[in-house]
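Chemist: Dumping the structure here so I can ask a few things about it.
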Amino acid sequence: MKNKELYAQQGVAMTCRSFEEYESMFMLDETMLTTGKILDIAAGASSFTAECISRGYDATACDPLYKLSDDQIYEFGKQQLSIASEKLNSKKDAFNWNYYKDIETHDDIREHSLEKFIDSYRSDFDKEAYMNAMLPNLPFEDDTFSSIVCNHFLFLYQEQFDYSFHLAAIKEMIRITKKDGIILLYPLVGFKDELYPQLDVLQEELAELGVDVSIRSTEFRFLPSADSMLAIRK
């Protein structure tokens with residue numbers, strides 16, 4: 001399956017993932033969730049921030065998608081879910097279904113996540129929890145967040161965004177992270193299920209900035225080779 005595209009994607013897809021998926025992907029625990037501000041970058045229509053807020057955690061999401069109205073996002077989200085389901089169903093044998101079990105469960109999680117997100121987005125009248133923003137330039141002060149997560153963006157789109165973008169994006173995340181804060185990025189593979197080829201160079205260049213960079217295992221499985229995340233401690 002190597003060198004063959006598992007999932008055809010033009011442009012950046014909207015994500016609709018649940019709090020539980022984030023927990024599994026990033027191996028989140030109560031300490032991380034309760035220590036300071038949390039930022040979900042390129043959050044799409046995932047319900048992570050909505051569910052964090054409902055649990056009393058201090059969470060913010062950012063995405064260029066948030067320039068749209070709630071109705072526009074909802075309609076776009078429904079279209080994206082339908083397209084994604086069709087694509088996955090056509091190549092379902094290429095994926096690891098240990099987490100989702102089957103396509104029906106996968107789609108059900110996506111639909112519920114979209115609904116929870118929309119309810120929260122609609123109630124955020126001042127757009128303080130959901131901010132229209134795009135890497136590599138984010139509208140946050142230095143040293144703002146204790147935890148930053150970003151999933152299914154950076155390295156997944158390694159053929160659309162070059163090394164300079166990845167480096168600039170992560171430097172921006174480091175800028176807005178507090179001292180001793182953590183940045184978690186998942187996955188480290190692209191749509192061909194291949195590890196980001198410049199990962200070693202990237203780790204070396206980031207380490208020169210004085211941050212601790214490591215690769216951590218994750219229990220989450222879907223793309224067969226996506227079994228780890230990049231962790232950056234400021």
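Please note that chains go A, B, ... in the order of the structure tokens, that every chain numbers its residues from 1, and that ligands are numbered from 1 in the order shown.
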Per residue of region 83-179 of chain A within 10 Å of region 67-76 of chain A, what are the shortest atom pair and its distance in Å to one decimal, counting only C-alpha atoms, with rows by chain and residue number, as a tab-separated table?
Modeler:
residue	atom	partner	partner_atom	distance
A:Leu114	CA	A:Tyr74	CA	7.5
A:Glu115	CA	A:Tyr74	CA	8.2
A:Phe117	CA	A:Tyr74	CA	9.3
A:Ile118	CA	A:Asp70	CA	6.5
A:Asp119	CA	A:Asp70	CA	8.9
A:Ser120	CA	A:Asp70	CA	9.8
A:Tyr121	CA	A:Asp70	CA	6.8
A:Arg122	CA	A:Asp70	CA	6.1
A:Ser123	CA	A:Asp70	CA	9.8
A:Tyr130	CA	A:Lys67	CA	9.7
A:Met131	CA	A:Lys67	CA	8.2
A:Asn132	CA	A:Lys67	CA	5.5
A:Ala133	CA	A:Lys67	CA	8.6
Chemist: Which polymer residues have any atom within 10 Å of an atom of Cys62 (chain A), counting only C-alpha atoms, with same-chain residues fewer than 2 positions away left out, as a PyMOL selection string?
Modeler: chain A and resi 39-44+49+60+64-66+128-135+138-139
Chemist: Write out, as CSV, each residue of region 24-141 of chain A that has an atom at most 8 Å from region 172-188 of chain A, together with the closest pair of atoms and their distance in Å to one decimal, counting only C-alpha atoms, rows going by chain and rising number.
Modeler:
residue,atom,partner,partner_atom,distance
A:Met25,CA,A:Tyr186,CA,7.2
A:Phe26,CA,A:Leu184,CA,6.8
A:Leu135,CA,A:Glu172,CA,7.7
A:Pro136,CA,A:Glu172,CA,6.1
A:Asn137,CA,A:Glu172,CA,6.7
A:Leu138,CA,A:Glu172,CA,7.3
A:Phe140,CA,A:Ile176,CA,6.5
A:Glu141,CA,A:Ile176,CA,6.1
Chemist: Could those selected residues go to a file with all heavy atoms, as a PDB file, in the first residue's frame?
Modeler:
ATOM      1  N   MET A  25      -6.077  10.077  20.457  1.00  0.00           N
ATOM      2  CA  MET A  25      -4.997  10.523  19.577  1.00  0.00           C
ATOM      3  C   MET A  25      -3.834  11.110  20.356  1.00  0.00           C
ATOM      4  O   MET A  25      -2.665  10.795  20.115  1.00  0.00           O
ATOM      5  CB  MET A  25      -5.515  11.585  18.593  1.00  0.00           C
ATOM      6  CG  MET A  25      -6.225  11.041  17.377  1.00  0.00           C
ATOM      7  SD  MET A  25      -6.583  12.355  16.181  1.00  0.00           S
ATOM      8  CE  MET A  25      -7.933  13.200  16.973  1.00  0.00           C
ATOM      9  N   PHE A  26      -4.166  11.994  21.298  1.00  0.00           N
ATOM     10  CA  PHE A  26      -3.146  12.755  22.002  1.00  0.00           C
ATOM     11  C   PHE A  26      -2.828  12.210  23.391  1.00  0.00           C
ATOM     12  O   PHE A  26      -2.028  12.805  24.118  1.00  0.00           O
ATOM     13  CB  PHE A  26      -3.575  14.226  22.109  1.00  0.00           C
ATOM     14  CG  PHE A  26      -3.691  14.923  20.784  1.00  0.00           C
ATOM     15  CD1 PHE A  26      -4.913  15.398  20.329  1.00  0.00           C
ATOM     16  CD2 PHE A  26      -2.576  15.103  19.983  1.00  0.00           C
ATOM     17  CE1 PHE A  26      -5.024  16.052  19.108  1.00  0.00           C
ATOM     18  CE2 PHE A  26      -2.672  15.764  18.755  1.00  0.00           C
ATOM     19  CZ  PHE A  26      -3.899  16.228  18.318  1.00  0.00           C
ATOM     20  N   LEU A 135      -2.859  29.353  10.271  1.00  0.00           N
ATOM     21  CA  LEU A 135      -1.406  29.254  10.315  1.00  0.00           C
ATOM     22  C   LEU A 135      -0.797  29.756   9.007  1.00  0.00           C
ATOM     23  O   LEU A 135      -1.427  29.622   7.953  1.00  0.00           O
ATOM     24  CB  LEU A 135      -0.997  27.796  10.540  1.00  0.00           C
ATOM     25  CG  LEU A 135      -1.232  27.237  11.935  1.00  0.00           C
ATOM     26  CD1 LEU A 135      -1.022  25.723  11.932  1.00  0.00           C
ATOM     27  CD2 LEU A 135      -0.310  27.889  12.957  1.00  0.00           C
ATOM     28  N   PRO A 136       0.390  30.352   9.060  1.00  0.00           N
ATOM     29  CA  PRO A 136       1.312  30.424  10.204  1.00  0.00           C
ATOM     30  C   PRO A 136       1.234  31.711  11.008  1.00  0.00           C
ATOM     31  O   PRO A 136       2.193  32.025  11.735  1.00  0.00           O
ATOM     32  CB  PRO A 136       2.670  30.298   9.525  1.00  0.00           C
ATOM     33  CG  PRO A 136       2.483  31.022   8.222  1.00  0.00           C
ATOM     34  CD  PRO A 136       1.064  30.725   7.801  1.00  0.00           C
ATOM     35  N   ASN A 137       0.124  32.450  10.932  1.00  0.00           N
ATOM     36  CA  ASN A 137      -0.015  33.697  11.696  1.00  0.00           C
ATOM     37  C   ASN A 137      -1.292  33.651  12.519  1.00  0.00           C
ATOM     38  O   ASN A 137      -2.397  33.695  11.966  1.00  0.00           O
ATOM     39  CB  ASN A 137      -0.039  34.902  10.746  1.00  0.00           C
ATOM     40  CG  ASN A 137       1.216  35.023   9.913  1.00  0.00           C
ATOM     41  OD1 ASN A 137       2.313  35.171  10.441  1.00  0.00           O
ATOM     42  ND2 ASN A 137       1.070  34.929   8.595  1.00  0.00           N
ATOM     43  N   LEU A 138      -1.140  33.557  13.819  1.00  0.00           N
ATOM     44  CA  LEU A 138      -2.296  33.423  14.713  1.00  0.00           C
ATOM     45  C   LEU A 138      -2.447  34.668  15.583  1.00  0.00           C
ATOM     46  O   LEU A 138      -1.452  35.252  16.029  1.00  0.00           O
ATOM     47  CB  LEU A 138      -2.132  32.182  15.595  1.00  0.00           C
ATOM     48  CG  LEU A 138      -2.020  30.850  14.840  1.00  0.00           C
ATOM     49  CD1 LEU A 138      -1.800  29.699  15.823  1.00  0.00           C
ATOM     50  CD2 LEU A 138      -3.268  30.590  13.992  1.00  0.00           C
ATOM     51  N   PHE A 140      -2.871  35.568  18.625  1.00  0.00           N
ATOM     52  CA  PHE A 140      -2.771  35.374  20.060  1.00  0.00           C
ATOM     53  C   PHE A 140      -1.464  35.971  20.571  1.00  0.00           C
ATOM     54  O   PHE A 140      -0.466  36.019  19.857  1.00  0.00           O
ATOM     55  CB  PHE A 140      -2.830  33.882  20.413  1.00  0.00           C
ATOM     56  CG  PHE A 140      -4.057  33.181  19.910  1.00  0.00           C
ATOM     57  CD1 PHE A 140      -3.976  32.264  18.868  1.00  0.00           C
ATOM     58  CD2 PHE A 140      -5.308  33.445  20.463  1.00  0.00           C
ATOM     59  CE1 PHE A 140      -5.107  31.610  18.390  1.00  0.00           C
ATOM     60  CE2 PHE A 140      -6.441  32.803  19.991  1.00  0.00           C
ATOM     61  CZ  PHE A 140      -6.353  31.884  18.959  1.00  0.00           C
ATOM     62  N   GLU A 141      -1.495  36.406  21.836  1.00  0.00           N
ATOM     63  CA  GLU A 141      -0.303  36.957  22.461  1.00  0.00           C
ATOM     64  C   GLU A 141       0.730  35.856  22.726  1.00  0.00           C
ATOM     65  O   GLU A 141       0.390  34.676  22.793  1.00  0.00           O
ATOM     66  CB  GLU A 141      -0.681  37.638  23.786  1.00  0.00           C
ATOM     67  CG  GLU A 141      -1.633  38.819  23.648  1.00  0.00           C
ATOM     68  CD  GLU A 141      -1.001  40.006  22.925  1.00  0.00           C
ATOM     69  OE1 GLU A 141       0.239  40.172  23.038  1.00  0.00           O
ATOM     70  OE2 GLU A 141      -1.731  40.755  22.256  1.00  0.00           O
TER      71      GLU A 141
END
Chemist: Check the smallest atom-to-atom distance from each of A:Ile170, A:Asp162, A:Ser82, A:Asn151 to Ser24 (chain A) using only C-alpha atoms, then report the winner.
Modeler: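 Of all the options, A:Asn151 lies closest to Ser24 (chain A).
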Chemist: Could you tell me, as number ranges by chain, which residues of region 4-180 of chain A DSSP assigns to helix (DSSP H, G or I) when given the backbone?
Modeler: A: 19-26, 30-34, 48-54, 64-67, 70-90, 92-94, 103-123, 155-157, 163-175
Chemist: Per residue of region 2-107 of chain A within 10 Å of region 218-226 of chain A, what are the shortest atom pair and its distance in Å to one decimal, counting only C-alpha atoms, with rows by chain and residue number, as JSON lines?
Modeler:
{"residue": "A:Leu6", "atom": "CA", "partner": "A:Leu223", "partner_atom": "CA", "distance": 8.4}
{"residue": "A:Tyr7", "atom": "CA", "partner": "A:Leu223", "partner_atom": "CA", "distance": 9.6}
{"residue": "A:Glu21", "atom": "CA", "partner": "A:Phe220", "partner_atom": "CA", "distance": 7.7}
{"residue": "A:Tyr22", "atom": "CA", "partner": "A:Phe220", "partner_atom": "CA", "distance": 9.0}
{"residue": "A:Glu23", "atom": "CA", "partner": "A:Phe220", "partner_atom": "CA", "distance": 8.9}
{"residue": "A:Ser24", "atom": "CA", "partner": "A:Phe220", "partner_atom": "CA", "distance": 5.3}
{"residue": "A:Met25", "atom": "CA", "partner": "A:Phe220", "partner_atom": "CA", "distance": 5.0}
{"residue": "A:Phe26", "atom": "CA", "partner": "A:Thr218", "partner_atom": "CA", "distance": 6.6}
{"residue": "A:Met27", "atom": "CA", "partner": "A:Thr218", "partner_atom": "CA", "distance": 6.3}
{"residue": "A:Ala94", "atom": "CA", "partner": "A:Pro224", "partner_atom": "CA", "distance": 7.8}
{"residue": "A:Phe95", "atom": "CA", "partner": "A:Leu223", "partner_atom": "CA", "distance": 5.5}
{"residue": "A:Asn96", "atom": "CA", "partner": "A:Phe222", "partner_atom": "CA", "distance": 4.6}
{"residue": "A:Trp97", "atom": "CA", "partner": "A:Phe222", "partner_atom": "CA", "distance": 6.1}
{"residue": "A:Asn98", "atom": "CA", "partner": "A:Arg221", "partner_atom": "CA", "distance": 6.7}
{"residue": "A:Tyr99", "atom": "CA", "partner": "A:Arg221", "partner_atom": "CA", "distance": 6.2}
{"residue": "A:Tyr100", "atom": "CA", "partner": "A:Phe222", "partner_atom": "CA", "distance": 8.2}
Chemist: Could you pull out the strand (DSSP E) residues of region 21-196 of chain A from DSSP and send them as a list in words?
Modeler: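 Written out, the strand (DSSP E) residues of region 21-196 of chain A are Ile38, Leu39, Asp40, Ile41, Ala59, Thr60, Ala61, Cys62, Tyr130, Met131, Phe145, Ser146, Ser147, Ile148, Val149, Cys150, Asn151, Thr177, Lys178, Lys179, Asp180, Gly181, Ile182, Ile183, Leu184, Leu185 and Tyr186 of chain A.
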Chemist: Interatomic distance between CA of Asp124 (chain A) and CA of Thr105 (chain A)?
Modeler: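 Separation between CA of Asp124 (chain A) and CA of Thr105 (chain A): 28.8 Å.
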Chemist: With only C-alpha atoms as the atoms that count, which of A:Ser147, A:Gln198, A:Ser228, A:Ser46 lies nearest to Asp29 (chain A)?
Modeler: A:Ser147
Chemist: Please determine, counting only C-alpha atoms, which residue among A:Met14, A:Val201, A:Leu154, A:Ile53 has the shortest atom-to-atom distance to Ile83 (chain A).
Modeler: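 Of the candidates, the smallest distance to Ile83 (chain A) is held by A:Met14.
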Chemist: Residues within 8 Å of Leu81 (chain A), please, as a list in words. Count only C-alpha atoms; anything in the same chain fewer than 3 positions from it doesn't count.
Modeler: Gly77, Lys78, Ala84, Ser85, Asp107, Arg110 and Glu111 of chain A
